[in-house]
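Report on the following structure.
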Amino acid sequence: KHWVQQNHDGLPQKAGYPQHALNEIHGSWYDPSNPVVKMQGELRPDLFNRLVEWEQRTDLCLAIGTSLAGMNADRMARTPAQKAAEQQDGVIGTVIISLQQTPMDGLASLRIFGPIEEVMALLAEELRLTASVPLDFTAAAGDDVFTIPYGSNGQRLRPDSSPSMHSGPAKCGANSCTNLQHSSQPCSDPGLQSPILQSGHDNPSISLLDLRPESLVRITMGPYTGDEGEVIGKSRQGHYKIRFMHTVKGSWKAPVEHVLGRWMVEEALQGKLDSFPVVSLQQRVDPDAEAKRLANFIKANPPAPRTCLNNP
């Protein structure tokens, strides 16, 4: 299941819908790398590619509250409707739910005129669904420094590079020590160097994300790629406010404030996002807090066991 969101307000995430299953194709108020797209603007390429992928694989689309008035994202409703009209196997088509007429009403497999909240409440009752609990970050504790499995380009690291273990040359006497992902046998040589977890750019497997006030970050993708900003605090809802310097005209730059949704940080901690919109530029590390944070990361992401293999 996937949600293509044409609005920018973050209401799905606030209601508990996961960010990783959402395509904010027209931009977001809570993602500095995905600014709101103007009417004649260009869609972000990776988000458009995901849109096309889901367009081709969708057998049932619920078009809820949209006028379907000719935007590029309308293909999500049009293509399943056309496939259903062609009686393609397994395709149910498109269900349109709204009060106003749309240009695609004649293509819909089911057309419901009614208030969305009433229709969806009846659907949830029929499917025996339990409403999710709205997210609340107002009481979120912590020092606003996080260890996330994303590289300096913002891309999620491959499973084979996580957990973030980094070790120097390891020798088991005259034998070589090889990391076997699926082995349950640990390396028994007491002289083997322990893996060292390093932070920031020294270790390509993890990054420290510092979102404390006055910390500096850089946008990793989208039209503002490379622009730098300073964290200036949090909103009343617990989201991070960041002031970036964006090029306005020629070489002239102006400060623009963006908000980073706290839910994005929560999902990044679990590695659920394909990419993360910002990376830290500087790290004001408290050694004690750093040691504790990295120890917790190792505990949550144990290294693959090591086995000593005899040389031939």
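Residues in the structure tokens are named by chain (A, B, ... in the order shown) and by number from 1 within that chain; ligands are numbered from 1 in the order shown.
Proximity to Gln88 (chain A) at 12 Å, evaluated using only C-alpha atoms and with sequence-adjacent residues fewer than 5 positions away removed, yields Thr58, Asp59, Thr79, Pro80, Ala81, Gln82, Lys83 and Gly93 of chain A.
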Give me the residues within 10 Å of Gln101 (chain A) as a list in words, counting only C-alpha atoms and dropping any in the same chain fewer than 4 places off.
-> Thr66, Ser67, Leu68, Ile96, Ile97, Asp105, Arg111 and Phe113 of chain A
Output for the residues just chosen: C-alpha atoms as a compact mmCIF listing (two decimals), in the first residue's frame:
```
# COMPACT_ATOMS: atom_id res chain seq x y z
CA THR A 66 -8.83 15.51 -5.28
CA SER A 67 -10.31 17.46 -8.16
CA LEU A 68 -8.29 15.41 -10.70
CA ILE A 96 -13.36 8.44 -6.39
CA ILE A 97 -14.59 9.96 -3.13
CA ASP A 105 -16.05 10.32 -12.86
CA ARG A 111 -18.09 6.99 -7.49
CA PHE A 113 -20.34 11.75 -3.46
```
Restricting to only C-alpha atoms, whichever of A:Glu230, A:Glu126, A:Glu267, A:Glu117 is closest to Ile148 (chain A) is A:Glu267
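Residue nearest Leu110 (chain A), chosen from A:Leu260, A:Leu60, A:Ala69, A:Ala131 and counting only C-alpha atoms: A:Leu60.
When only C-alpha atoms are used to compute distances to Ala84 (chain A), the closest of the residues A:Thr102, A:Leu107, A:Asn153, A:Lys1 turns out to be A:Leu107.
Non-sequential neighbours of Gly271 (chain A) (distance at most 9 Å, separation of 4 or more positions within a chain, only C-alpha atoms) are Ile148, Pro149, Tyr150, Arg156, Leu157, Glu267 and Ser275 of chain A.
The two atoms in question, CA of Met76 (chain A) and CA of Glu55 (chain A), are spaced 5.0 Å apart.
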